[in-house]
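Asks: A single structure is presented below for examination.
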Amino acid sequence: MPFIFCAAVLIFQWTFFQQAGAAQAIVAIDPGHGGYDEGIVYNADGKEISEKKLDLAIARAISAALQAKGANAFLVRSVDRYLGIAQRAQIASARRPALFLSVHLASAGAFQVYVSLMPSPQLAPVPSAAAGQAMQAGTGGAAGGAAGTPAGGPAVQTGPAVLAAPVNGGQPGPDQQALRQYYLYSMRQRPYLGKSRDFASALEQSLKQAFPGGNISYMEIPLPLLDAIAAPAVLIECPGPQYMDYTQPVISGIAQAVANAVMAYGAH
Ligand SMILES: [Zn+2]
């Protein structure tokens, strides 16, 4: 391997780690669904394929591709078990990742790259340290719903006015506390939206290179899981298995494209 290429990779990694502000920058890879939550169930040639299994296989390959490039990565779910949104956010946040990527499959034939669409700044204050504490307390109401899917339900967007008026003689009641906690918790993504878009853009570019002629698109939609992540966060949907034959080389190709995007993102 040419020396210049190796040197360039090292410089990319160094920059990425520096940007993360930590010696051990970590990428959190979140395989969608799990346990009783199968995700989309596809019927291919009379055989049923569950999205959750392919999500995990792709996530594992991404993690391996990143580690091969010297990056540090971990899986939010490494076995077939159910995790709610709050659990996923907590598992990922505990390791303070520099980047978060949730991996899903689509029902259509395109790669879709998603960044969270958050409420307008007029309605949503930038989260404070209290948001982090709420996150630590972590019983937030975000646990319900299908984890991490774009169809997992709209974000609860509660305006500060609802949270400002205490009941019970000045003390917030349990419902109000839960609302406040959920609200702060759901705002954690806000300071990272710009970087999330940067990473999404790097991912689009890399997928276009890896799958020339492939259909790759970008969207911002309300995504409660990404809202709860205090790091640049992106959700990718890979084409459904009716459109892409998920052989090992294809899975490796996707993983390489994602790993290249992580390195390119870290380089600017
Ligand atoms: Zn999914």
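Chain lettering (A, B, ...) mirrors the order of the structure tokens, residue numbering begins at 1 for each chain separately, and ligand numbering begins at 1 in order of display.
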Leaving out region 244-251 of chain A and any residue of its chain fewer than 2 positions from it, which residues lie within 9 Å of it when counting only C-alpha atoms, given as a list in words?

Replies: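 Here the qualifying residues turn out to be Leu54, Ala57, Ile58, Ala61, Ile62, Gly109, Cys238, Pro239, Gly240, Pro241, Gln242, Gly253, Ile254, Ala255 and Gln256 of chain A.
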
Asks: Kindly work out which residues sit at most 6 Å from ligand 1, using only C-alpha atoms and all ligand atoms, and give the list as a PyMOL selection string.

Replies: chain A and resi 32+39+104-105+149

Asks: Let me make sure I understand: among A:Asp30, A:Asp37, A:Asp227, A:Asp45, which one has the smallest atom-to-atom distance to Tyr192 (chain A) if we use only C-alpha atoms?

Replies: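 With only C-alpha atoms as the atom set, the closest residue is A:Asp227.
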
Asks: To one decimal place, how far is CA of Leu226 (chain A) from CA of Asp55 (chain A) in Å?

Replies: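 CA of Asp55 (chain A) lies at a distance of 16.9 Å from CA of Leu226 (chain A).
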
Asks: Taking only C-alpha atoms into account, which of A:Ile221, A:Ala73, A:Leu179, A:Ile40 comes nearest Phe100 (chain A)?

Replies: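 Smallest separation from Phe100 (chain A) among the options: A:Ala73.
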
Asks: DSSP says strand (DSSP E or B) for which residues of region 23-76 of chain A? Put them as a ChimeraX atom specification?

Replies: /A:26-31,34,37,41-44,47-50,72-75

Asks: May I have the residues from that selection written out with N, CA and C atoms, as a PDB file, in the first residue's frame?

Replies:
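As written to disk, result38.pdb reads:
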```pdb
ATOM      1  N   ILE A  26     -15.201   7.644  19.474  1.00  0.00           N
ATOM      2  CA  ILE A  26     -15.928   6.388  19.277  1.00  0.00           C
ATOM      3  C   ILE A  26     -17.123   6.630  18.361  1.00  0.00           C
ATOM      4  N   VAL A  27     -17.371   5.680  17.484  1.00  0.00           N
ATOM      5  CA  VAL A  27     -18.554   5.743  16.632  1.00  0.00           C
ATOM      6  C   VAL A  27     -19.563   4.716  17.156  1.00  0.00           C
ATOM      7  N   ALA A  28     -20.770   5.177  17.455  1.00  0.00           N
ATOM      8  CA  ALA A  28     -21.829   4.275  17.912  1.00  0.00           C
ATOM      9  C   ALA A  28     -22.637   3.820  16.705  1.00  0.00           C
ATOM     10  N   ILE A  29     -22.725   2.511  16.515  1.00  0.00           N
ATOM     11  CA  ILE A  29     -23.517   1.946  15.419  1.00  0.00           C
ATOM     12  C   ILE A  29     -24.746   1.277  16.033  1.00  0.00           C
ATOM     13  N   ASP A  30     -25.906   1.698  15.594  1.00  0.00           N
ATOM     14  CA  ASP A  30     -27.162   1.247  16.201  1.00  0.00           C
ATOM     15  C   ASP A  30     -27.971   0.416  15.211  1.00  0.00           C
ATOM     16  N   PRO A  31     -27.914  -0.925  15.319  1.00  0.00           N
ATOM     17  CA  PRO A  31     -28.724  -1.751  14.412  1.00  0.00           C
ATOM     18  C   PRO A  31     -30.199  -1.624  14.788  1.00  0.00           C
ATOM     19  N   GLY A  34     -35.000  -5.443  16.752  1.00  0.00           N
ATOM     20  CA  GLY A  34     -34.449  -6.501  17.605  1.00  0.00           C
ATOM     21  C   GLY A  34     -35.511  -7.104  18.498  1.00  0.00           C
ATOM     22  N   ASP A  37     -39.440  -6.989  17.992  1.00  0.00           N
ATOM     23  CA  ASP A  37     -39.562  -5.964  16.944  1.00  0.00           C
ATOM     24  C   ASP A  37     -38.719  -6.394  15.738  1.00  0.00           C
ATOM     25  N   VAL A  41     -40.740  -7.071   7.594  1.00  0.00           N
ATOM     26  CA  VAL A  41     -40.554  -8.486   7.231  1.00  0.00           C
ATOM     27  C   VAL A  41     -40.774  -8.609   5.725  1.00  0.00           C
ATOM     28  N   TYR A  42     -39.729  -9.036   5.042  1.00  0.00           N
ATOM     29  CA  TYR A  42     -39.769  -9.116   3.579  1.00  0.00           C
ATOM     30  C   TYR A  42     -40.046 -10.553   3.165  1.00  0.00           C
ATOM     31  N   ASN A  43     -40.689 -10.697   2.050  1.00  0.00           N
ATOM     32  CA  ASN A  43     -40.914 -12.014   1.485  1.00  0.00           C
ATOM     33  C   ASN A  43     -40.157 -12.096   0.169  1.00  0.00           C
ATOM     34  N   ALA A  44     -39.038 -12.789   0.194  1.00  0.00           N
ATOM     35  CA  ALA A  44     -38.203 -12.892  -1.005  1.00  0.00           C
ATOM     36  C   ALA A  44     -38.145 -14.349  -1.437  1.00  0.00           C
ATOM     37  N   LYS A  47     -39.355 -16.873   0.902  1.00  0.00           N
ATOM     38  CA  LYS A  47     -38.654 -16.961   2.186  1.00  0.00           C
ATOM     39  C   LYS A  47     -38.809 -15.635   2.930  1.00  0.00           C
ATOM     40  N   GLU A  48     -39.106 -15.720   4.227  1.00  0.00           N
ATOM     41  CA  GLU A  48     -39.247 -14.492   5.013  1.00  0.00           C
ATOM     42  C   GLU A  48     -37.897 -14.016   5.540  1.00  0.00           C
ATOM     43  N   ILE A  49     -37.633 -12.729   5.378  1.00  0.00           N
ATOM     44  CA  ILE A  49     -36.404 -12.135   5.906  1.00  0.00           C
ATOM     45  C   ILE A  49     -36.807 -10.978   6.811  1.00  0.00           C
ATOM     46  N   SER A  50     -36.284 -10.985   8.038  1.00  0.00           N
ATOM     47  CA  SER A  50     -36.579  -9.892   8.975  1.00  0.00           C
ATOM     48  C   SER A  50     -35.521  -8.811   8.855  1.00  0.00           C
ATOM     49  N   ASN A  72     -12.533   3.639  16.371  1.00  0.00           N
ATOM     50  CA  ASN A  72     -13.112   2.901  17.477  1.00  0.00           C
ATOM     51  C   ASN A  72     -14.631   2.881  17.285  1.00  0.00           C
ATOM     52  N   ALA A  73     -15.231   1.700  17.269  1.00  0.00           N
ATOM     53  CA  ALA A  73     -16.676   1.632  17.040  1.00  0.00           C
ATOM     54  C   ALA A  73     -17.292   0.611  17.976  1.00  0.00           C
ATOM     55  N   PHE A  74     -18.551   0.808  18.303  1.00  0.00           N
ATOM     56  CA  PHE A  74     -19.256  -0.207  19.085  1.00  0.00           C
ATOM     57  C   PHE A  74     -20.709  -0.292  18.635  1.00  0.00           C
ATOM     58  N   LEU A  75     -21.315  -1.440  18.919  1.00  0.00           N
ATOM     59  CA  LEU A  75     -22.712  -1.671  18.538  1.00  0.00           C
ATOM     60  C   LEU A  75     -23.625  -1.381  19.729  1.00  0.00           C
TER      61      LEU A  75
END
```

Asks: What gap, in Å, lies between CA of Ala65 (chain A) and CA of Tyr114 (chain A)?

Replies: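 These atoms are spaced 21.4 Å apart.
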
Asks: Contacts of Ser217 (chain A) at 12 Å or less, counting only C-alpha atoms, minus same-chain residues fewer than 3 places along, as a PyMOL selection string?

Replies: chain A and resi 108-115+200-201+203-205+207-208+214+220+236-239

Asks: Create the file for the chosen residues now, containing C-alpha atoms and written as a short mmCIF file (atom, residue, chain, number, x, y, z; two decimals), in the first residue's frame.

Replies:
```
data_model
loop_
_atom_site.label_atom_id
_atom_site.label_comp_id
_atom_site.auth_asym_id
_atom_site.auth_seq_id
_atom_site.Cartn_x
_atom_site.Cartn_y
_atom_site.Cartn_z
CA ALA A 108 -38.13 0.74 -1.31
CA GLY A 109 -35.07 0.34 -3.50
CA ALA A 110 -33.18 3.47 -2.47
CA PHE A 111 -30.59 4.39 0.10
CA GLN A 112 -32.17 7.02 2.36
CA VAL A 113 -29.99 9.16 4.59
CA TYR A 114 -31.92 10.88 7.41
CA VAL A 115 -31.13 13.69 9.79
CA ALA A 200 -25.05 12.83 6.11
CA SER A 201 -23.54 14.65 3.14
CA LEU A 203 -22.38 9.49 3.58
CA GLU A 204 -24.35 10.41 0.45
CA GLN A 205 -21.14 11.12 -1.47
CA LEU A 207 -22.59 5.79 -1.24
CA LYS A 208 -22.76 7.43 -4.67
CA GLY A 214 -27.85 3.84 -7.25
CA GLU A 220 -34.92 15.55 7.31
CA ILE A 236 -29.47 5.26 7.10
CA GLU A 237 -31.97 3.04 5.36
CA CYS A 238 -30.48 0.59 2.90
CA PRO A 239 -32.55 -0.74 -0.02
#
```

Asks: Between A:Lys195, A:Lys53, A:Arg190, A:Arg180, single out the one closest to Val79 (chain A), counting only C-alpha atoms.

Replies: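 With only C-alpha atoms as the atom set, the closest residue is A:Lys53.
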
Asks: What does the distance from CA of Leu83 (chain A) to CA of Tyr36 (chain A) come to in Å, to one decimal?

Replies: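 That distance, rounded to one decimal, is 9.9 Å.
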
Asks: I'd like to know which of A:Leu225, A:Ala106, A:Leu235, A:Ala210 is closest to Tyr185 (chain A), using only C-alpha atoms.

Replies: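 When distances to Tyr185 (chain A) are compared using only C-alpha atoms, the smallest one comes from A:Leu225.
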
Asks: Nearest residue to Val103 (chain A) out of A:Lys69, A:Arg197, A:Lys52, A:Arg81, using only C-alpha atoms?

Replies: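 For Val103 (chain A), the nearest of the given residues is A:Lys52.
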